[in-house]
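Structure data follow from coords.cif (mmCIF, C-alpha atoms):
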data_protein
#
loop_
_atom_site.label_atom_id
_atom_site.label_comp_id
_atom_site.auth_asym_id
_atom_site.auth_seq_id
_atom_site.Cartn_x
_atom_site.Cartn_y
_atom_site.Cartn_z
CA MET A 5 77.25 50.58 -22.96
CA VAL A 6 79.90 48.00 -23.62
CA ARG A 7 79.08 48.23 -27.28
CA HIS A 8 79.49 51.98 -27.24
CA LEU A 9 82.74 51.64 -25.39
CA ALA A 10 84.01 49.10 -27.89
CA ARG A 11 83.12 51.45 -30.71
CA TYR A 12 85.14 54.23 -29.15
CA VAL A 13 88.07 51.90 -28.64
CA VAL A 14 87.97 50.91 -32.30
CA ILE A 15 87.64 54.51 -33.44
CA GLY A 16 90.48 55.50 -31.17
CA ALA A 17 92.63 52.76 -32.58
CA LEU A 18 91.88 53.81 -36.14
CA LEU A 19 92.66 57.41 -35.40
CA SER A 20 95.91 56.63 -33.71
CA VAL A 21 97.26 54.17 -36.24
CA PRO A 22 97.97 56.45 -39.21
CA LEU A 23 100.58 58.27 -37.19
CA SER A 24 102.68 55.17 -37.25
CA ILE A 25 101.73 53.79 -40.63
CA SER A 26 104.51 53.41 -43.08
CA ALA A 27 106.12 50.50 -44.76
CA HIS A 28 109.40 48.69 -44.79
CA HIS A 29 110.45 48.67 -48.38
CA GLY A 30 110.24 52.14 -49.77
CA THR A 31 106.93 51.38 -51.40
CA GLY A 32 106.25 54.89 -52.55
CA ILE A 33 109.26 55.12 -54.78
CA SER A 34 108.30 52.35 -57.22
CA TYR A 35 104.97 53.87 -58.14
CA ASP A 36 103.92 57.13 -59.70
CA LEU A 37 102.07 58.91 -56.96
CA THR A 38 102.05 62.22 -58.80
CA VAL A 39 99.26 61.26 -61.22
CA ALA A 40 95.70 60.27 -60.44
CA PRO A 41 95.27 56.66 -59.43
CA VAL A 42 93.51 54.10 -61.60
CA THR A 43 90.02 53.08 -60.55
CA ALA A 44 89.08 49.70 -62.00
CA LYS A 45 86.72 46.83 -61.45
CA GLY A 46 88.23 43.40 -61.33
CA THR A 47 88.17 39.87 -60.01
CA VAL A 48 90.54 38.97 -57.22
CA THR A 49 92.55 35.89 -58.14
CA GLU A 50 94.60 35.80 -54.95
CA PHE A 51 94.97 37.79 -51.76
CA ARG A 52 98.33 37.16 -50.12
CA TRP A 53 98.54 38.11 -46.48
CA TRP A 54 102.28 37.83 -46.16
CA ASN A 55 105.25 39.80 -45.00
CA PRO A 56 106.65 42.22 -45.81
CA HIS A 57 103.64 43.51 -47.77
CA ALA A 58 100.26 42.03 -48.43
CA SER A 59 99.49 41.70 -52.13
CA ILE A 60 96.38 41.58 -54.26
CA PHE A 61 96.44 39.74 -57.55
CA ILE A 62 93.55 40.78 -59.68
CA ASP A 63 92.23 40.35 -63.23
CA ILE A 64 91.15 43.62 -64.82
CA LYS A 65 89.70 44.09 -68.29
CA ASN A 66 91.48 46.72 -70.34
CA ASP A 67 89.91 49.14 -72.79
CA LYS A 68 89.87 46.49 -75.49
CA GLY A 69 88.16 43.95 -73.32
CA ALA A 70 91.24 41.80 -72.80
CA VAL A 71 91.94 40.55 -69.29
CA GLU A 72 95.14 41.80 -67.71
CA HIS A 73 96.60 40.27 -64.59
CA TRP A 74 97.80 42.87 -62.13
CA ALA A 75 99.90 42.59 -58.98
CA ILE A 76 98.99 45.25 -56.44
CA GLU A 77 101.19 45.95 -53.46
CA GLY A 78 99.58 46.68 -50.12
CA ASN A 79 100.55 47.57 -46.60
CA SER A 80 102.23 45.12 -44.25
CA PRO A 81 99.89 42.61 -42.64
CA TYR A 82 100.98 44.08 -39.32
CA ASN A 83 99.79 47.56 -40.15
CA TRP A 84 96.63 46.47 -41.88
CA ALA A 85 95.76 44.26 -38.94
CA ARG A 86 96.07 47.33 -36.73
CA LEU A 87 93.48 48.96 -38.99
CA GLY A 88 91.10 46.06 -38.51
CA PHE A 89 91.73 44.07 -41.70
CA ASN A 90 92.71 40.44 -41.93
CA ARG A 91 93.59 37.68 -44.36
CA GLN A 92 89.93 37.17 -45.14
CA THR A 93 89.19 40.78 -46.02
CA LEU A 94 89.46 39.67 -49.66
CA LYS A 95 89.37 36.25 -51.24
CA ALA A 96 89.75 34.79 -54.71
CA GLY A 97 86.66 35.38 -56.80
CA ASP A 98 85.68 38.63 -55.12
CA GLU A 99 84.48 41.26 -57.56
CA ILE A 100 85.84 44.54 -56.30
CA THR A 101 86.67 48.03 -57.33
CA ILE A 102 90.28 48.82 -56.74
CA VAL A 103 91.99 52.18 -56.68
CA PHE A 104 95.72 52.02 -57.25
CA TYR A 105 98.73 53.92 -58.49
CA LYS A 106 100.63 52.35 -61.35
CA SER A 107 104.29 51.51 -61.40
CA LYS A 108 106.60 54.09 -62.92
CA VAL A 109 107.70 51.40 -65.31
CA LYS A 110 105.79 51.67 -68.58
CA ASP A 111 103.59 48.66 -69.28
CA ALA A 112 104.35 46.99 -65.95
CA LYS A 113 101.23 45.37 -64.55
CA ALA A 114 102.04 46.39 -61.04
CA GLY A 115 100.66 49.02 -58.71
CA VAL A 116 100.22 50.09 -55.13
CA ILE A 117 96.79 50.23 -53.60
CA ALA A 118 95.01 53.32 -52.36
CA LYS A 119 91.93 51.35 -51.33
CA ALA A 120 89.54 48.60 -52.38
CA ILE A 121 85.77 48.90 -52.52
CA LEU A 122 83.61 45.86 -51.89
CA PRO A 123 80.35 45.30 -53.82
CA ASP A 124 78.36 46.69 -50.89
CA GLY A 125 80.31 49.94 -51.11
CA LYS A 126 82.47 49.32 -48.09
CA GLU A 127 85.98 50.72 -48.42
CA VAL A 128 88.74 48.47 -47.21
CA LEU A 129 92.51 48.09 -47.28
CA ARG A 130 93.38 51.76 -47.27
CA PHE A 131 97.07 52.36 -47.91
CA GLN A 132 97.92 55.34 -50.12
CA ARG A 133 95.86 58.50 -50.43
CA ASP A 134 93.07 58.91 -52.97
CA GLN A 135 94.64 62.02 -54.38
CA PRO A 136 98.07 62.22 -55.98
CA ALA A 137 100.74 64.25 -54.27
CA ALA A 138 102.64 66.84 -56.26
CA ASN A 139 105.92 65.84 -54.65
CA GLY A 140 105.30 62.16 -55.29
CA ASN A 141 105.71 61.28 -51.67
CA GLY A 142 103.43 58.48 -50.70
CA VAL A 143 103.35 56.28 -47.70
CA ASN A 144 106.70 54.66 -48.02
CA MET B 25 102.50 41.70 -12.04
CA ARG B 26 99.29 40.72 -13.78
CA ILE B 27 99.56 43.68 -16.08
CA LYS B 28 103.17 42.89 -16.91
CA LEU B 29 102.29 39.36 -17.83
CA ILE B 30 99.54 40.54 -20.12
CA ALA B 31 101.92 42.87 -21.86
CA VAL B 32 104.14 40.06 -23.01
CA THR B 33 101.69 37.28 -23.73
CA SER B 34 103.41 36.55 -27.01
CA LEU B 35 106.53 35.23 -25.34
CA VAL B 36 106.15 33.03 -22.33
CA PHE B 37 109.79 33.01 -21.43
CA ILE B 38 109.91 36.76 -21.59
CA ALA B 39 106.84 36.93 -19.40
CA GLN B 40 108.72 34.88 -16.88
CA LEU B 41 111.71 37.16 -17.03
CA SER B 42 109.52 40.20 -16.77
CA SER B 43 107.91 38.96 -13.61
CA MET B 44 111.23 38.98 -11.79
CA PRO B 45 112.05 41.92 -9.61
CA SER B 46 114.03 44.61 -11.33
CA ALA B 47 117.07 45.82 -9.48
CA GLN B 48 118.84 47.94 -12.06
CA ALA B 49 116.95 51.19 -11.90
CA PRO B 50 117.66 53.41 -8.95
CA ALA B 51 114.80 54.01 -6.60
CA ALA B 52 112.78 57.06 -7.45
CA GLY B 53 112.39 58.99 -4.24
CA GLY B 54 108.77 59.52 -3.45
CA ARG B 55 107.49 58.06 -6.68
CA GLY B 56 105.45 54.89 -6.76
CA GLN B 57 105.22 52.45 -3.95
CA GLY B 58 108.45 50.59 -4.46
CA ALA B 59 108.86 47.11 -5.83
CA PRO B 60 110.94 44.09 -4.91
CA GLY B 61 114.58 44.71 -5.64
CA GLY B 62 114.38 48.41 -4.95
CA ALA B 63 112.97 49.41 -8.32
CA PRO B 64 110.06 51.81 -8.34
CA ALA B 65 106.65 50.34 -8.91
CA ALA B 66 105.12 50.49 -12.36
CA PRO B 67 102.35 53.02 -12.63
CA ALA B 68 98.77 51.93 -12.90
CA GLY B 69 97.14 51.95 -16.27
CA ARG B 70 99.98 50.44 -18.20
CA GLY B 71 99.10 49.89 -21.81
CA ASN B 72 95.44 50.71 -21.39
CA GLY B 73 95.60 53.78 -23.56
CA ARG B 74 95.07 56.21 -20.71
CA ALA B 75 97.95 58.26 -19.48
CA PRO B 76 98.33 57.82 -15.74
CA ALA B 77 98.39 61.03 -13.80
CA GLU B 78 101.87 60.18 -12.60
CA PHE B 79 104.55 58.03 -14.05
CA ASN B 80 107.80 56.56 -12.94
CA PRO B 81 110.64 57.74 -15.21
CA TYR B 82 112.67 54.67 -14.31
CA ASP B 83 109.96 52.32 -15.47
CA ILE B 84 110.63 51.97 -19.17
CA ALA B 85 109.22 48.45 -19.40
CA GLU B 86 106.54 49.36 -21.88
CA ILE B 87 105.72 49.00 -25.56
CA TRP B 88 106.89 52.02 -27.52
CA GLN B 89 106.44 53.28 -31.06
CA PHE B 90 108.93 55.58 -32.74
CA GLN B 91 107.35 58.53 -34.51
CA GLY B 92 109.13 61.11 -36.59
CA ASP B 93 111.66 61.44 -39.35
CA ARG B 94 113.31 58.13 -40.04
CA GLY B 95 116.82 59.39 -39.77
CA ILE B 96 119.61 60.24 -37.35
CA ASN B 97 119.64 63.95 -38.01
CA PRO B 98 119.09 66.11 -41.10
CA LYS B 99 122.29 67.86 -40.08
CA VAL B 100 124.70 65.20 -41.18
CA ALA B 101 128.21 64.98 -39.78
CA GLU B 102 130.92 65.51 -42.36
CA MET B 103 132.12 62.25 -43.79
CA THR B 104 135.64 61.04 -44.35
CA PRO B 105 136.65 60.08 -47.91
CA LEU B 106 135.97 56.46 -47.01
CA GLY B 107 132.62 57.46 -45.54
CA GLU B 108 131.69 59.24 -48.76
CA LYS B 109 132.62 56.16 -50.73
CA LEU B 110 130.52 53.90 -48.56
CA PHE B 111 127.59 56.31 -48.69
CA SER B 112 127.73 56.54 -52.48
CA ALA B 113 127.57 52.77 -52.75
CA ASN B 114 124.39 52.55 -50.71
CA LYS B 115 121.15 52.74 -52.68
CA PRO B 116 118.21 53.36 -50.39
CA SER B 117 114.52 53.44 -51.25
CA TYR B 118 113.37 56.14 -48.90
CA GLY B 119 113.00 59.82 -49.43
CA ARG B 120 112.52 61.50 -52.80
CA PRO B 121 113.66 60.00 -56.08
CA LEU B 122 117.34 60.07 -56.89
CA GLY B 123 118.23 63.36 -58.52
CA SER B 124 115.37 65.36 -57.02
CA PRO B 125 116.20 68.94 -56.08
CA LEU B 126 117.64 69.20 -52.61
CA ASN B 127 115.35 72.03 -51.50
CA GLY B 128 117.34 72.55 -48.36
CA ASP B 129 117.11 68.92 -47.30
CA HIS B 130 119.95 66.62 -46.46
CA ILE B 131 121.50 64.65 -49.31
CA GLY B 132 120.14 61.37 -48.00
CA ARG B 133 116.64 62.60 -48.75
CA VAL B 134 117.06 62.63 -52.51
CA ARG B 135 118.68 59.31 -53.28
CA ALA B 136 115.75 56.91 -53.44
CA VAL B 137 115.51 54.22 -56.09
CA PRO B 138 112.83 51.54 -56.38
CA PRO B 139 113.52 48.73 -53.91
CA ALA B 140 114.08 46.33 -56.79
CA LEU B 141 117.02 48.48 -57.85
CA GLY B 142 118.26 49.30 -54.38
CA ASN B 143 120.76 47.44 -52.24
CA SER B 144 119.47 47.72 -48.71
CA LEU B 145 120.27 44.45 -47.01
CA VAL B 146 116.90 44.71 -45.34
CA GLY B 147 115.36 44.21 -48.78
CA ASP B 148 116.43 40.61 -48.50
CA CYS B 149 115.28 40.30 -44.91
CA ASN B 150 118.72 40.71 -43.40
CA PRO B 151 118.83 42.19 -39.89
CA LEU B 152 118.10 45.86 -39.42
CA GLY B 153 120.63 46.51 -36.70
CA VAL B 154 120.45 49.63 -34.58
CA PRO B 155 119.63 52.44 -34.68
CA ARG B 156 117.80 51.61 -37.92
CA ALA B 157 115.49 49.16 -36.14
CA TYR B 158 113.99 52.09 -34.22
CA TYR B 159 112.65 53.66 -37.39
CA GLU B 160 110.34 50.85 -38.39
CA PRO B 161 106.59 51.35 -38.19
CA GLU B 162 106.21 48.55 -35.66
CA PRO B 163 106.78 48.97 -31.94
CA MET B 164 109.61 48.02 -29.63
CA GLU B 165 109.25 46.76 -26.10
CA PHE B 166 111.65 47.25 -23.24
CA ILE B 167 111.79 44.20 -21.01
CA VAL B 168 113.62 44.81 -17.76
CA THR B 169 115.25 41.87 -16.02
CA PRO B 170 117.93 41.61 -13.33
CA GLY B 171 121.25 42.49 -14.90
CA ARG B 172 119.88 42.86 -18.40
CA ILE B 173 117.40 45.01 -20.28
CA LEU B 174 116.02 43.56 -23.49
CA GLN B 175 114.77 45.47 -26.46
CA PHE B 176 112.23 43.37 -28.29
CA PHE B 177 111.73 44.70 -31.81
CA SER B 178 108.36 43.70 -33.16
CA TRP B 179 109.39 43.89 -36.80
CA THR B 180 111.87 41.10 -37.49
CA ARG B 181 111.27 39.88 -33.93
CA ALA B 182 114.80 40.78 -32.93
CA ILE B 183 116.12 40.93 -29.38
CA ARG B 184 118.87 43.29 -28.33
CA GLU B 185 120.55 42.81 -24.97
CA ILE B 186 121.63 45.74 -22.86
CA TRP B 187 123.70 44.50 -19.95
CA THR B 188 123.23 46.31 -16.67
CA ASP B 189 125.22 43.92 -14.49
CA GLY B 190 128.21 46.20 -14.17
CA ARG B 191 130.37 44.57 -16.80
CA LYS B 192 132.96 46.43 -18.81
CA PHE B 193 133.94 46.16 -22.46
CA PRO B 194 136.94 43.95 -23.20
CA ASP B 195 140.29 45.74 -23.23
CA ASP B 196 140.59 44.95 -26.91
CA PRO B 197 137.11 45.17 -28.48
CA SER B 198 138.58 44.53 -31.92
CA ILE B 199 138.64 40.81 -31.18
CA LEU B 200 134.85 40.74 -30.79
CA GLN B 201 132.75 39.24 -33.52
CA PRO B 202 130.91 42.08 -35.27
CA THR B 203 127.19 42.06 -34.52
CA TRP B 204 124.04 43.62 -35.94
CA TYR B 205 122.80 44.69 -32.52
CA GLY B 206 126.05 45.48 -30.77
CA TYR B 207 127.64 44.79 -27.41
CA ASN B 208 125.66 47.01 -25.12
CA ILE B 209 126.21 48.20 -21.56
CA GLY B 210 123.60 50.25 -19.74
CA HIS B 211 123.59 52.32 -16.60
CA TRP B 212 121.41 55.03 -15.12
CA GLU B 213 122.41 58.68 -14.91
CA GLY B 214 119.66 60.51 -13.13
CA GLU B 215 116.50 59.68 -15.00
CA GLU B 216 118.33 58.66 -18.15
CA LEU B 217 119.19 55.14 -19.16
CA VAL B 218 122.57 55.49 -20.84
CA VAL B 219 123.59 52.74 -23.21
CA ASP B 220 127.13 52.52 -24.55
CA SER B 221 127.78 50.11 -27.35
CA LEU B 222 130.36 48.90 -29.85
CA GLY B 223 131.22 45.88 -31.94
CA TYR B 224 128.82 46.52 -34.79
CA ASP B 225 128.73 44.86 -38.18
CA GLY B 226 129.76 47.48 -40.70
CA ARG B 227 127.27 46.30 -43.30
CA SER B 228 124.14 47.67 -41.66
CA TRP B 229 122.94 51.20 -42.36
CA LEU B 230 122.35 53.72 -39.61
CA ASP B 231 118.94 54.65 -40.98
CA HIS B 232 116.62 54.32 -43.95
CA PHE B 233 118.60 56.85 -45.97
CA GLY B 234 121.65 54.67 -46.30
CA TYR B 235 124.06 56.52 -44.06
CA PRO B 236 126.92 54.13 -43.37
CA HIS B 237 129.01 53.21 -40.38
CA SER B 238 132.00 50.99 -39.85
CA GLU B 239 132.95 48.24 -37.44
CA ASN B 240 134.71 50.89 -35.41
CA MET B 241 131.49 52.68 -34.52
CA ARG B 242 130.81 53.38 -30.90
CA MET B 243 127.40 54.62 -29.97
CA GLN B 244 125.85 56.16 -26.91
CA GLU B 245 122.10 56.24 -26.47
CA ARG B 246 120.32 58.16 -23.76
CA PHE B 247 116.73 57.11 -23.11
CA HIS B 248 114.55 59.33 -21.00
CA ARG B 249 110.92 58.72 -20.17
CA VAL B 250 109.73 62.30 -20.09
CA ALA B 251 106.00 61.68 -19.77
CA ALA B 252 103.62 58.88 -19.06
CA ASN B 253 103.23 58.22 -22.75
CA LYS B 254 106.49 59.53 -24.16
CA MET B 255 110.12 58.54 -24.16
CA GLU B 256 112.93 60.46 -25.78
CA LEU B 257 116.16 59.14 -27.17
CA ASN B 258 119.31 61.01 -28.04
CA ILE B 259 122.07 59.20 -29.87
CA THR B 260 125.72 60.08 -30.37
CA ILE B 261 127.60 58.17 -33.02
CA ASN B 262 131.36 58.09 -32.85
CA ASP B 263 132.83 56.54 -35.93
CA PRO B 264 135.99 58.34 -37.04
CA THR B 265 136.42 55.89 -39.89
CA VAL B 266 133.28 57.26 -41.52
CA TYR B 267 132.54 60.63 -39.89
CA LYS B 268 135.03 63.35 -39.10
CA THR B 269 133.12 64.41 -36.00
CA PRO B 270 130.64 62.68 -33.69
CA TRP B 271 127.17 62.61 -35.25
CA VAL B 272 124.61 63.73 -32.71
CA SER B 273 121.03 62.75 -33.43
CA GLN B 274 117.98 64.91 -33.30
CA THR B 275 115.87 64.02 -30.29
CA HIS B 276 113.88 60.94 -31.17
CA SER B 277 110.41 60.44 -29.72
CA PHE B 278 108.72 57.20 -28.83
CA PHE B 279 105.12 56.99 -27.70
CA LEU B 280 103.40 54.42 -25.57
CA VAL B 281 101.35 52.11 -27.76
CA PRO B 282 97.75 51.90 -26.60
CA ARG B 283 96.65 48.40 -25.77
CA SER B 284 93.79 48.73 -28.26
CA GLU B 285 96.27 49.05 -31.13
CA LEU B 286 97.83 45.72 -30.36
CA THR B 287 94.58 43.88 -29.74
CA ILE B 288 93.38 42.11 -32.82
CA ASN B 289 90.22 40.10 -32.69
CA GLY B 290 90.60 39.96 -28.94
CA TRP B 291 94.20 38.78 -29.01
CA TYR B 292 96.64 41.17 -27.38
CA GLY B 293 100.34 41.17 -28.10
CA PHE B 294 102.90 41.60 -30.82
CA LEU B 295 102.05 40.04 -34.13
CA GLU B 296 104.74 37.88 -35.63
CA GLY B 297 106.60 40.41 -37.71
CA ILE B 298 109.16 38.07 -39.16
CA CYS B 299 110.64 39.01 -42.49
CA ALA B 300 111.05 35.47 -43.78
CA PRO B 301 113.25 35.19 -46.87
CA ILE B 302 110.89 32.64 -48.40
CA ASP B 303 108.09 35.22 -48.32
CA GLU B 304 110.30 38.12 -49.31
CA GLN B 305 111.66 36.30 -52.32
CA GLU B 306 108.21 35.44 -53.59
CA PHE B 307 106.95 38.96 -52.96
CA ASN B 308 109.92 40.34 -54.86
CA ARG B 309 109.43 37.95 -57.75
CA ARG B 310 105.70 38.52 -58.09
CA VAL B 311 105.32 42.19 -57.15
CA ARG B 312 108.40 44.24 -56.33
CA ASP B 313 110.57 43.32 -59.30
CA ASP B 314 107.83 44.05 -61.83
CA ALA B 315 107.12 47.36 -60.15
CA GLY B 316 110.79 48.26 -60.42
CA GLY B 317 111.15 47.06 -64.01
CA VAL B 318 113.53 44.29 -63.04
CA LYS B 319 113.46 40.95 -64.84
CA ARG B 320 115.37 38.15 -63.16
#

Encoded form (structure tokens):
Amino acid sequence: MVRHLARYVVIGALLSVPLSISAHHGTGISYDLTVAPVTAKGTVTEFRWWNPHASIFIDIKNDKGAVEHWAIEGNSPYNWARLGFNRQTLKAGDEITIVFYKSKVKDAKAGVIAKAILPDGKEVLRFQRDQPAANGNGVN
Amino acid sequence: MRIKLIAVTSLVFIAQLSSMPSAQAPAAGGRGQGAPGGAPAAPAGRGNGRAPAEFNPYDIAEIWQFQGDRGINPKVAEMTPLGEKLFSANKPSYGRPLGSPLNGDHIGRVRAVPPALGNSLVGDCNPLGVPRAYYEPEPMEFIVTPGRILQFFSWTRAIREIWTDGRKFPDDPSILQPTWYGYNIGHWEGEELVVDSLGYDGRSWLDHFGYPHSENMRMQERFHRVAANKMELNITINDPTVYKTPWVSQTHSFFLVPRSELTINGWYGFLEGICAPIDEQEFNRRVRDDAGGVKR
């Protein structure tokens, strides 16, 4: 019973949070949210759980097999914590699939995360939508 | 009392203040059971995510989350020439990209540049000031004490004092040191908490869209708890240096934050939402600047 109750509390919290989710720094404007996000496998080199926005640093192999080091912007720790994530959700060495929108700046190795997928298929760290928005408005 | 203490576990001194009887709000005839100091009793069920069947409109001592458009009002008051100049100099990072078609929106909606290229003081972790602090995605708590109501802003962990001890503004407010959170005097008019304020630092923006104000701004806020889980706020900005007429806000809505939302791994309370420059600078250097194409 308590377990069931706890589940409802968690679900309720998850449902209620998106209404208030947005960020401090105009995140949406730096990235191109009008084109489909990149889906890539990579190795986390660092997961920074800091204000104002958590960040994922990740090595991703490009088409030619060379490793590129990407900096991926996330939500604020405050908002991600309200979604049930924490500073241990990722750690260095984790092999993950990451879905992110690239910076509008050509060749910049920077993006903003839509979500990460752990090896067991679990989706974590949701921030932006999976689908691009025609007007370019993301969660900013 | 127990519930109040739980609600402010993150700050012991505030918990102590909060446990004192509140004498500022007028008694609500027939509502609640009455509390020491003549203030109405807080309703049961505070912060537990369930809306009590009844609520006390004078009891605003809750944790609230703003929801809605992050701006004063899409209908913008006409600016003075100086106001236009100040507005043009501000480079916000909210809304649609600079140069986007207006599509019937207000001009502040189409001026966004990447944060690395913007000039919001908040981008360097400077204070938000009010009313901009309301528009953040983290909640704000009202803490009611004798003679003073505190607004505790979760993001940046700022405290704003609203004095309810009957004081008046100085005869010559121009001698006051400008502040990010103002000199604030509150009183009750019916069910509304009316807050008059002045003495603001002219460098802060009114909202996320970069609308300016000057040190001469006077503001009136009217808070009204209209439901168990909802509070409304109407703001009037009087700043003839920047706006030719008073700028009246759209009605802002705040909603009670369910306790479950602020309970993380069993720990209830505000997280530490400090924007520390040491973190901000590193974030900017390693993420934000690259994303904005800025090399420093």

Distance query Lys254 of chain B at most 12 Å, only C-alpha atoms, self and fewer than 4 positions along chain excluded, as an mmCIF file with C-alpha atoms, in the coordinates of the input:
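What landed in around29.cif:
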data_model
loop_
_atom_site.group_PDB
_atom_site.id
_atom_site.type_symbol
_atom_site.label_atom_id
_atom_site.label_comp_id
_atom_site.auth_asym_id
_atom_site.auth_seq_id
_atom_site.Cartn_x
_atom_site.Cartn_y
_atom_site.Cartn_z
ATOM 1 C CA ALA B 75 97.950 58.260 -19.480
ATOM 2 C CA PRO B 76 98.330 57.820 -15.740
ATOM 3 C CA PHE B 79 104.550 58.030 -14.050
ATOM 4 C CA ASN B 80 107.800 56.560 -12.940
ATOM 5 C CA PRO B 81 110.640 57.740 -15.210
ATOM 6 C CA ASP B 83 109.960 52.320 -15.470
ATOM 7 C CA ILE B 84 110.630 51.970 -19.170
ATOM 8 C CA GLU B 86 106.540 49.360 -21.880
ATOM 9 C CA ILE B 87 105.720 49.000 -25.560
ATOM 10 C CA TRP B 88 106.890 52.020 -27.520
ATOM 11 C CA GLN B 89 106.440 53.280 -31.060
ATOM 12 C CA PHE B 90 108.930 55.580 -32.740
ATOM 13 C CA GLN B 91 107.350 58.530 -34.510
ATOM 14 C CA PHE B 247 116.730 57.110 -23.110
ATOM 15 C CA HIS B 248 114.550 59.330 -21.000
ATOM 16 C CA ARG B 249 110.920 58.720 -20.170
ATOM 17 C CA VAL B 250 109.730 62.300 -20.090
ATOM 18 C CA HIS B 276 113.880 60.940 -31.170
ATOM 19 C CA SER B 277 110.410 60.440 -29.720
ATOM 20 C CA PHE B 278 108.720 57.200 -28.830
ATOM 21 C CA PHE B 279 105.120 56.990 -27.700
ATOM 22 C CA LEU B 280 103.400 54.420 -25.570
ATOM 23 C CA VAL B 281 101.350 52.110 -27.760
ATOM 24 C CA PRO B 282 97.750 51.900 -26.600
#

Applied to the shown file, which residues does the PyMOL selection byres ((chain B) within 7 of (chain A)) return, written as a PDB file with C-alpha atoms, in the coordinates of the input?
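File written: part.pdb
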ATOM      1  CA  GLN B  91     107.350  58.530 -34.510  1.00  0.00           C
ATOM      2  CA  SER B 117     114.520  53.440 -51.250  1.00  0.00           C
ATOM      3  CA  TYR B 118     113.370  56.140 -48.900  1.00  0.00           C
ATOM      4  CA  ARG B 120     112.520  61.500 -52.800  1.00  0.00           C
ATOM      5  CA  PRO B 121     113.660  60.000 -56.080  1.00  0.00           C
ATOM      6  CA  ALA B 136     115.750  56.910 -53.440  1.00  0.00           C
ATOM      7  CA  VAL B 137     115.510  54.220 -56.090  1.00  0.00           C
ATOM      8  CA  PRO B 138     112.830  51.540 -56.380  1.00  0.00           C
ATOM      9  CA  PRO B 139     113.520  48.730 -53.910  1.00  0.00           C
ATOM     10  CA  GLY B 147     115.360  44.210 -48.780  1.00  0.00           C
ATOM     11  CA  GLU B 160     110.340  50.850 -38.390  1.00  0.00           C
ATOM     12  CA  PRO B 161     106.590  51.350 -38.190  1.00  0.00           C
ATOM     13  CA  SER B 284      93.790  48.730 -28.260  1.00  0.00           C
ATOM     14  CA  GLU B 285      96.270  49.050 -31.130  1.00  0.00           C
ATOM     15  CA  LEU B 286      97.830  45.720 -30.360  1.00  0.00           C
ATOM     16  CA  ILE B 288      93.380  42.110 -32.820  1.00  0.00           C
ATOM     17  CA  LEU B 295     102.050  40.040 -34.130  1.00  0.00           C
ATOM     18  CA  GLY B 297     106.600  40.410 -37.710  1.00  0.00           C
ATOM     19  CA  CYS B 299     110.640  39.010 -42.490  1.00  0.00           C
ATOM     20  CA  ASP B 303     108.090  35.220 -48.320  1.00  0.00           C
ATOM     21  CA  GLU B 304     110.300  38.120 -49.310  1.00  0.00           C
ATOM     22  CA  VAL B 311     105.320  42.190 -57.150  1.00  0.00           C
ATOM     23  CA  ASP B 314     107.830  44.050 -61.830  1.00  0.00           C
ATOM     24  CA  ALA B 315     107.120  47.360 -60.150  1.00  0.00           C
ATOM     25  CA  GLY B 316     110.790  48.260 -60.420  1.00  0.00           C
ATOM     26  CA  GLY B 317     111.150  47.060 -64.010  1.00  0.00           C
TER      27      GLY B 317
END

Response to the item:
Among B:Leu200, B:Leu145, B:Met241, B:Val154, Asn114 of chain B is approached most closely, using all atoms listed in the file, by B:Leu145

For the structure provided, state which residues fall under the PyMOL selection byres ((chain A and resi 128-137) around 8), and present them as a tab-separated table (two decimals) with C-alpha atoms, in the coordinates of the input.
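Generated output (result28.tsv):
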chain	number	residue	atom	x	y	z
A	37	LEU	CA	102.07	58.91	-56.96
A	38	THR	CA	102.05	62.22	-58.80
A	39	VAL	CA	99.26	61.26	-61.22
A	40	ALA	CA	95.70	60.27	-60.44
A	41	PRO	CA	95.27	56.66	-59.43
A	78	GLY	CA	99.58	46.68	-50.12
A	79	ASN	CA	100.55	47.57	-46.60
A	84	TRP	CA	96.63	46.47	-41.88
A	89	PHE	CA	91.73	44.07	-41.70
A	93	THR	CA	89.19	40.78	-46.02
A	103	VAL	CA	91.99	52.18	-56.68
A	116	VAL	CA	100.22	50.09	-55.13
A	117	ILE	CA	96.79	50.23	-53.60
A	118	ALA	CA	95.01	53.32	-52.36
A	119	LYS	CA	91.93	51.35	-51.33
A	120	ALA	CA	89.54	48.60	-52.38
A	121	ILE	CA	85.77	48.90	-52.52
A	122	LEU	CA	83.61	45.86	-51.89
A	126	LYS	CA	82.47	49.32	-48.09
A	127	GLU	CA	85.98	50.72	-48.42
A	138	ALA	CA	102.64	66.84	-56.26
A	139	ASN	CA	105.92	65.84	-54.65
A	140	GLY	CA	105.30	62.16	-55.29
A	141	ASN	CA	105.71	61.28	-51.67
A	142	GLY	CA	103.43	58.48	-50.70
A	143	VAL	CA	103.35	56.28	-47.70

Worksheet item: So how far away is atom CA of Ala157 of chain B from atom CA of Leu110 of chain B, in Å?
Response: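 Between atom CA of Leu110 of chain B and atom CA of Ala157 of chain B the gap works out to 20.1 Å.
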
Item to complete: Pick out the residues sitting within 9 Å of Asn208 of chain B, and hand them over as a ChimeraX atom specification; count only C-alpha atoms, and ignore anything fewer than 6 positions along from it in its own chain.
Response: /B:184-188,193,219-223

Worksheet item: Can you list, as an NGL selection string, the residues that the PyMOL selection byres ((chain A and resi 46) around 6) selects here?
Response: :A and (45 or 47 or 63-64 or 99-100)

Worksheet item: Given the choices B:Gly290, B:Pro98, B:Pro116, B:Pro155, which gets closest to Asp129 of chain B if the distance is worked out from all atoms listed in the file?
Response: B:Pro98
